[in-house]
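Enquirer: Please find query18.cif (mmCIF, C-alpha atoms) on the next line:
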```cif
data_work
loop_
_atom_site.label_atom_id
_atom_site.label_comp_id
_atom_site.auth_asym_id
_atom_site.auth_seq_id
_atom_site.Cartn_x
_atom_site.Cartn_y
_atom_site.Cartn_z
CA MET L 7 185.63 37.02 141.70
CA THR L 8 184.04 33.78 140.58
CA GLU L 9 182.66 33.29 137.07
CA LYS L 10 179.11 33.35 138.44
CA GLU L 11 179.74 36.60 140.29
CA PHE L 12 181.26 38.09 137.14
CA TYR L 13 178.20 37.29 135.01
CA ASP L 14 175.84 38.43 137.78
CA SER L 15 177.60 41.80 137.92
CA LEU L 16 177.53 42.00 134.12
CA ASN L 17 173.79 41.33 134.06
CA THR L 18 173.25 43.90 136.77
CA ALA L 19 175.20 46.49 134.81
CA GLU L 20 173.20 45.68 131.66
CA SER L 21 169.91 45.96 133.54
CA THR L 22 171.01 49.29 134.97
CA ALA L 23 171.94 50.51 131.50
CA ASN L 24 168.59 49.39 130.08
CA GLY L 25 166.79 51.08 132.93
CA PHE L 26 168.73 54.28 132.28
CA ASN L 27 167.90 54.07 128.57
CA ARG L 28 164.20 53.66 129.34
CA LEU L 29 164.38 56.59 131.74
CA THR L 30 166.07 58.72 129.09
CA ARG L 31 163.45 57.61 126.54
CA ASN L 32 160.62 58.60 128.89
CA GLN L 33 162.27 61.93 129.63
CA GLN L 34 162.54 62.63 125.89
CA LEU L 35 158.90 61.71 125.43
CA ASN L 36 157.76 63.82 128.36
CA ALA L 37 159.69 66.78 126.97
CA ALA L 38 158.58 66.36 123.35
CA TYR L 39 154.89 65.53 123.81
CA PRO L 40 153.70 68.89 125.29
CA VAL L 41 155.66 70.79 122.64
CA LEU L 42 154.11 68.76 119.84
CA MET L 43 150.60 69.13 121.24
CA ARG L 44 151.12 72.89 121.41
CA LYS L 45 152.21 72.78 117.78
CA VAL L 46 148.97 70.95 116.87
CA PHE L 47 146.77 73.67 118.34
CA THR L 48 149.04 76.51 117.20
CA TRP L 49 148.90 75.31 113.59
CA MET L 50 145.14 74.82 113.85
CA ALA L 51 144.61 78.31 115.33
CA LEU L 52 146.84 79.86 112.65
CA ALA L 53 144.85 78.15 109.89
CA LEU L 54 141.57 79.32 111.42
CA ALA L 55 142.89 82.88 111.61
CA ILE L 56 143.97 82.78 107.95
CA THR L 57 140.59 81.40 106.90
CA GLY L 58 138.72 84.06 108.85
CA VAL L 59 140.79 86.95 107.49
CA VAL L 60 140.54 85.72 103.90
CA ALA L 61 136.78 85.11 104.19
CA TRP L 62 136.23 88.62 105.57
CA GLY L 63 138.47 90.16 102.93
CA VAL L 64 136.68 88.42 100.05
CA ALA L 65 133.24 89.30 101.43
CA SER L 66 134.31 92.95 101.77
CA SER L 67 135.26 93.18 98.09
CA PRO L 68 132.20 93.53 95.81
CA ALA L 69 134.33 92.86 92.74
CA PHE L 70 135.75 89.66 94.20
CA VAL L 71 132.31 88.50 95.34
CA ALA L 72 130.85 89.15 91.90
CA THR L 73 133.66 87.23 90.21
CA LEU L 74 133.38 84.33 92.61
CA TYR L 75 129.62 83.84 92.73
CA GLN L 76 128.78 84.70 89.15
CA SER L 77 131.00 81.87 87.98
CA SER L 78 129.76 78.54 89.26
CA GLY L 79 132.68 76.82 87.54
CA LEU L 80 135.19 78.79 89.63
CA LEU L 81 133.44 77.95 92.89
CA ILE L 82 133.18 74.26 92.01
CA GLY L 83 136.84 74.28 91.00
CA LEU L 84 137.84 75.74 94.38
CA CYS L 85 135.82 73.09 96.22
CA ILE L 86 137.46 70.32 94.19
CA ALA L 87 140.88 71.84 94.88
CA GLU L 88 140.16 71.84 98.62
CA ILE L 89 139.14 68.17 98.60
CA ALA L 90 142.20 67.27 96.54
CA LEU L 91 144.53 69.14 98.91
CA VAL L 92 143.15 67.43 102.03
CA TRP L 93 143.39 64.03 100.36
CA TYR L 94 146.91 64.66 99.08
CA VAL L 95 148.30 65.91 102.39
CA SER L 96 146.64 63.11 104.36
CA ALA L 97 147.81 60.38 101.97
CA ARG L 98 151.34 61.71 101.37
CA ILE L 99 152.20 63.24 104.74
CA GLN L 100 155.11 60.84 105.36
CA LYS L 101 156.64 61.50 101.93
CA LEU L 102 156.22 65.27 101.96
CA SER L 103 158.73 67.53 103.65
CA LEU L 104 157.47 69.41 106.69
CA GLN L 105 157.83 72.71 104.82
CA THR L 106 155.82 71.46 101.84
CA ALA L 107 153.08 69.99 104.05
CA THR L 108 152.86 73.25 106.03
CA THR L 109 152.63 75.29 102.83
CA LEU L 110 149.84 73.09 101.49
CA PHE L 111 147.98 73.43 104.79
CA ILE L 112 148.21 77.22 104.53
CA ILE L 113 147.04 77.14 100.90
CA TYR L 114 144.08 75.02 101.94
CA SER L 115 143.13 77.44 104.72
CA VAL L 116 143.25 80.30 102.19
CA LEU L 117 141.04 78.45 99.69
CA ASN L 118 138.63 77.56 102.46
CA GLY L 119 138.47 81.21 103.42
CA VAL L 120 137.48 82.12 99.87
CA THR L 121 134.68 79.54 99.72
CA LEU L 122 133.44 80.41 103.23
CA SER L 123 133.22 84.13 102.47
CA SER L 124 129.52 83.63 101.75
CA ILE L 125 128.72 83.40 105.46
CA PHE L 126 129.46 87.13 105.80
CA LEU L 127 126.95 87.78 103.02
CA VAL L 128 124.22 85.60 104.52
CA TYR L 129 124.50 85.96 108.30
CA THR L 130 124.83 88.97 110.57
CA MET L 131 128.22 89.72 112.08
CA THR L 132 126.71 89.42 115.56
CA SER L 133 125.44 85.90 114.97
CA ILE L 134 128.71 84.83 113.33
CA THR L 135 130.67 86.11 116.32
CA SER L 136 128.39 84.52 118.91
CA VAL L 137 128.35 81.17 117.11
CA PHE L 138 132.13 81.29 116.78
CA PHE L 139 132.51 81.59 120.55
CA ILE L 140 129.95 78.82 121.11
CA THR L 141 131.96 76.64 118.74
CA ALA L 142 135.25 77.54 120.42
CA GLY L 143 133.90 76.66 123.86
CA THR L 144 132.38 73.37 122.71
CA PHE L 145 135.50 72.45 120.75
CA ALA L 146 137.81 73.26 123.68
CA ALA L 147 135.75 71.13 126.08
CA MET L 148 135.72 68.09 123.77
CA ALA L 149 139.40 68.47 122.82
CA LEU L 150 140.30 68.63 126.52
CA TYR L 151 138.27 65.49 127.14
CA GLY L 152 139.94 63.68 124.26
CA ALA L 153 143.40 64.69 125.44
CA THR L 154 142.92 63.79 129.11
CA THR L 155 140.56 60.80 129.18
CA LYS L 156 142.00 57.45 130.17
CA LYS L 157 139.48 55.68 127.94
CA ASP L 158 140.49 54.34 124.56
CA LEU L 159 138.24 56.10 122.07
CA SER L 160 139.65 54.31 119.03
CA LYS L 161 136.79 51.79 119.10
CA PHE L 162 134.37 54.58 118.18
CA GLY L 163 136.24 55.38 114.97
CA SER L 164 134.29 53.06 112.66
CA LEU L 165 130.98 54.23 114.12
CA LEU L 166 131.89 57.89 113.61
CA PHE L 167 133.08 57.18 110.07
CA MET L 168 129.79 55.49 109.17
CA ALA L 169 127.87 58.39 110.70
CA LEU L 170 129.95 60.84 108.65
CA LEU L 171 129.25 58.88 105.47
CA GLY L 172 125.53 58.90 106.28
CA LEU L 173 125.65 62.64 106.90
CA ILE L 174 127.29 63.26 103.52
CA ILE L 175 124.67 61.13 101.74
CA ALA L 176 121.83 62.90 103.56
CA THR L 177 123.30 66.28 102.62
CA VAL L 178 123.53 65.32 98.94
CA VAL L 179 119.94 64.03 98.98
CA ASN L 180 118.72 67.26 100.54
CA MET L 181 120.37 69.25 97.76
CA PHE L 182 117.63 67.84 95.54
CA VAL L 183 114.82 67.60 98.08
CA ARG L 184 115.45 71.10 99.49
CA SER L 185 113.59 70.45 102.73
CA SER L 186 114.19 73.06 105.43
CA GLY L 187 113.06 70.64 108.14
CA PHE L 188 115.39 67.91 106.91
CA SER L 189 118.18 70.48 106.67
CA LEU L 190 117.70 71.39 110.33
CA ILE L 191 117.82 67.71 111.33
CA ILE L 192 121.04 67.30 109.35
CA SER L 193 122.51 70.31 111.15
CA TYR L 194 121.77 68.87 114.60
CA VAL L 195 123.20 65.50 113.59
CA GLY L 196 126.27 67.29 112.18
CA VAL L 197 126.83 69.10 115.48
CA LEU L 198 126.67 65.82 117.44
CA LEU L 199 128.93 64.08 114.96
CA PHE L 200 131.68 66.70 114.95
CA VAL L 201 131.52 67.06 118.72
CA GLY L 202 132.31 63.35 118.85
CA LEU L 203 134.96 63.59 116.12
CA THR L 204 136.71 66.41 117.99
CA ALA L 205 137.16 64.21 121.07
CA TRP L 206 138.08 61.17 118.95
CA ASP L 207 140.62 63.01 116.77
CA THR L 208 142.27 64.63 119.79
CA ASN L 209 142.52 61.25 121.49
CA GLN L 210 144.06 59.67 118.38
CA ILE L 211 146.54 62.54 118.04
CA LYS L 212 147.55 62.11 121.68
CA ASN L 213 148.09 58.37 121.20
CA ALA L 214 150.07 58.87 117.99
CA LEU L 215 152.38 61.45 119.52
CA GLN L 216 152.91 59.43 122.68
CA ASN L 217 153.71 56.29 120.73
CA TYR L 218 155.98 57.74 118.08
CA ALA L 219 157.16 61.18 119.13
CA MET L 220 160.41 60.50 120.93
CA ASP L 221 161.81 63.87 119.93
CA LEU L 222 161.01 66.90 117.81
CA SER L 223 162.04 65.20 114.57
CA GLU L 224 160.42 66.15 111.28
CA GLY L 225 158.43 62.90 111.31
CA SER L 226 156.78 63.63 114.66
CA GLN L 227 156.09 67.22 113.63
CA LYS L 228 154.37 66.00 110.46
CA ILE L 229 152.10 63.83 112.62
CA ALA L 230 151.31 66.96 114.64
CA LEU L 231 150.60 68.93 111.44
CA LEU L 232 148.22 66.26 110.16
CA GLY L 233 146.50 66.31 113.54
CA ALA L 234 146.13 70.07 113.26
CA LEU L 235 144.49 69.65 109.85
CA ASN L 236 141.99 67.13 111.22
CA LEU L 237 141.07 69.34 114.17
CA TYR L 238 140.81 72.36 111.87
CA LEU L 239 138.27 70.47 109.76
CA ASP L 240 136.36 69.44 112.90
CA PHE L 241 136.19 73.06 114.08
CA ILE L 242 135.09 74.44 110.71
CA ASN L 243 132.35 71.85 110.27
CA LEU L 244 131.12 72.25 113.85
CA PHE L 245 131.00 76.02 113.35
CA LEU L 246 129.05 75.76 110.09
CA TYR L 247 126.44 73.38 111.50
CA LEU L 248 125.97 75.54 114.59
CA LEU L 249 125.69 78.59 112.36
CA ARG L 250 122.90 76.96 110.37
CA ILE L 251 121.03 76.37 113.64
CA PHE L 252 121.67 79.63 115.51
CA GLY L 253 122.76 82.05 112.80
CA ARG L 254 120.55 85.00 111.90
CA SER L 255 120.23 86.08 108.31
CA ASP L 256 120.93 89.57 107.04
CA ASN L 257 117.89 89.29 104.81
#
```
Just give me the structure as structure tokens.
Expert:
Amino acid sequence: MTEKEFYDSLNTAESTANGFNRLTRNQQLNAAYPVLMRKVFTWMALALAITGVVAWGVASSPAFVATLYQSSGLLIGLCIAEIALVWYVSARIQKLSLQTATTLFIIYSVLNGVTLSSIFLVYTMTSITSVFFITAGTFAAMALYGATTKKDLSKFGSLLFMALLGLIIATVVNMFVRSSGFSLIISYVGVLLFVGLTAWDTNQIKNALQNYAMDLSEGSQKIALLGALNLYLDFINLFLYLLRIFGRSDN
């Protein structure tokens, strides 16, 4: 064998090895990605179930309701705790252990259930149930679109963020104005915004898992958990805005 033939065969062997490594990498990704996406929606569904059960339990206890809503300080404290938990988990997800992050997510879903218990005191059970299914159907359609579209939705992120900031400002202003017409407009805008955020978040979760999830390591599972938290927030907000539009009061 000549020197040239030797190096040609060596290069061929190296190329074959690299090709095999890429194939193995793709196989790992193809195996891990569906599992991680299932984890995203399983964690989200579990959190929603916890929130629903806690909200119903609190609303069914007159003593708990009296304690909660007669003390504005307690309610404000719970709201601040929720905001702090979401911020902490989102900012520290890479430094937290998966177990700690999961526990904090569960705690957040419990606290959210306590603060959302008021919907069972304001709206009829029939309207809550019907709006929940409307929300679930809308959410599923937009999540499916975000997960399957070939379009890159990342460019809409800044637009959606600015719209969310505007919605928050409008909501705060309406707390002082107390306009029912303005409130209804805010609700419609909120529905459109969180419909868009559901598709955008799902698309970003898909891209993150495809780019970084080569296996079922703790790091990739923490990305999935953070994605579940974002989608949980999208679902809750979409549900609340739809409830303000279609919900019927007990009064």
Enquirer: Might you pull out every residue within 12 Å of segment 145-149 of chain L, with all atoms listed in the file counted and same-chain residues fewer than 2 positions away left off, and present them as a short mmCIF file (atom, residue, chain, number, x, y, z; two decimals) with C-alpha atoms, keeping the file's coordinate frame?
Expert:
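Written out: result_4.cif:
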```cif
data_model
loop_
_atom_site.label_atom_id
_atom_site.label_comp_id
_atom_site.auth_asym_id
_atom_site.auth_seq_id
_atom_site.Cartn_x
_atom_site.Cartn_y
_atom_site.Cartn_z
CA MET L 43 150.60 69.13 121.24
CA VAL L 46 148.97 70.95 116.87
CA PHE L 47 146.77 73.67 118.34
CA ALA L 51 144.61 78.31 115.33
CA VAL L 137 128.35 81.17 117.11
CA PHE L 138 132.13 81.29 116.78
CA PHE L 139 132.51 81.59 120.55
CA ILE L 140 129.95 78.82 121.11
CA THR L 141 131.96 76.64 118.74
CA ALA L 142 135.25 77.54 120.42
CA GLY L 143 133.90 76.66 123.86
CA TYR L 151 138.27 65.49 127.14
CA GLY L 152 139.94 63.68 124.26
CA ALA L 153 143.40 64.69 125.44
CA THR L 154 142.92 63.79 129.11
CA THR L 155 140.56 60.80 129.18
CA VAL L 197 126.83 69.10 115.48
CA LEU L 198 126.67 65.82 117.44
CA LEU L 199 128.93 64.08 114.96
CA PHE L 200 131.68 66.70 114.95
CA VAL L 201 131.52 67.06 118.72
CA GLY L 202 132.31 63.35 118.85
CA LEU L 203 134.96 63.59 116.12
CA THR L 204 136.71 66.41 117.99
CA ALA L 205 137.16 64.21 121.07
CA TRP L 206 138.08 61.17 118.95
CA ASP L 207 140.62 63.01 116.77
CA THR L 208 142.27 64.63 119.79
CA ASN L 209 142.52 61.25 121.49
CA GLN L 210 144.06 59.67 118.38
CA ILE L 211 146.54 62.54 118.04
CA LYS L 212 147.55 62.11 121.68
CA GLY L 233 146.50 66.31 113.54
CA ALA L 234 146.13 70.07 113.26
CA ASN L 236 141.99 67.13 111.22
CA LEU L 237 141.07 69.34 114.17
CA TYR L 238 140.81 72.36 111.87
CA LEU L 239 138.27 70.47 109.76
CA ASP L 240 136.36 69.44 112.90
CA PHE L 241 136.19 73.06 114.08
CA ILE L 242 135.09 74.44 110.71
CA ASN L 243 132.35 71.85 110.27
CA LEU L 244 131.12 72.25 113.85
CA PHE L 245 131.00 76.02 113.35
CA LEU L 248 125.97 75.54 114.59
#
```
Enquirer: State, in Å with one decimal place, the distance from atom CA of Tyr129 of chain L to atom CA of Gly253 of chain L.
Expert: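 Between atom CA of Tyr129 of chain L and atom CA of Gly253 of chain L the gap works out to 6.2 Å.
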Enquirer: At what distance in Å, to one decimal, does atom CA of Thr109 of chain L lie from atom CA of Glu88 of chain L?
Expert: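 About the pair atom CA of Glu88 of chain L and atom CA of Thr109 of chain L: they are 13.6 Å apart.
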Enquirer: With the file shown as input, list the residues that the PyMOL selection byres ((chain L and resi 55) around 12) selects, as a PyMOL selection string.
Expert: chain L and resi 48-54+56-62+112+115-116+118-119+238+242
Enquirer: Residues at most 12 Å from Lys45 of chain L, counting all atoms listed in the file, excluding those fewer than 5 positions away in the same chain, as a list in words?
Expert: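 The neighbour list is Ala38, Tyr39, Pro40, Met50, Ala51, Leu52, Thr108, Ile211, Leu215, Leu222, Ser226, Gln227, Lys228, Ile229, Ala230, Leu231, Leu232, Gly233, Ala234 and Leu235 of chain L.
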Enquirer: Have a look at atom CA of Val195 of chain L and atom CA of Asn213 of chain L and let me know their distance in Å, one decimal.
Expert: 27.0 Å
Enquirer: Compare L:Ser133, L:Ala169, L:Ala69, L:Asn217 by their minimum atom-to-atom distance to Ile251 of chain L, counting only C-alpha atoms, and give me the closest one.
Expert: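 Of L:Ser133, L:Ala169, L:Ala69, L:Asn217, the one nearest Ile251 of chain L is L:Ser133, counting only C-alpha atoms.
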Enquirer: Taking the file as shown, what set of residues would the PyMOL selection byres ((chain L and resi 91-100) around 8) give back, as a ChimeraX atom specification?
Expert: /L:87-90,101-103,107,110-111,114,225,228-229,232
Enquirer: Give the answer as one residue: which of L:Ile192, L:Leu171, L:Leu165, L:Leu74 has the shortest atom-to-atom distance to Leu246 of chain L, using all atoms listed in the file?
Expert: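 Looking only at the distances to Leu246 of chain L, the closest residue turns out to be L:Ile192.
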Enquirer: Take the PyMOL selection byres ((chain L and resi 255) around 10), run it mentally on this structure, and tell me the resulting residues as an MDAnalysis selection string.
Expert: chainID L and resid 125:131 133:134 250 252:254 256:257
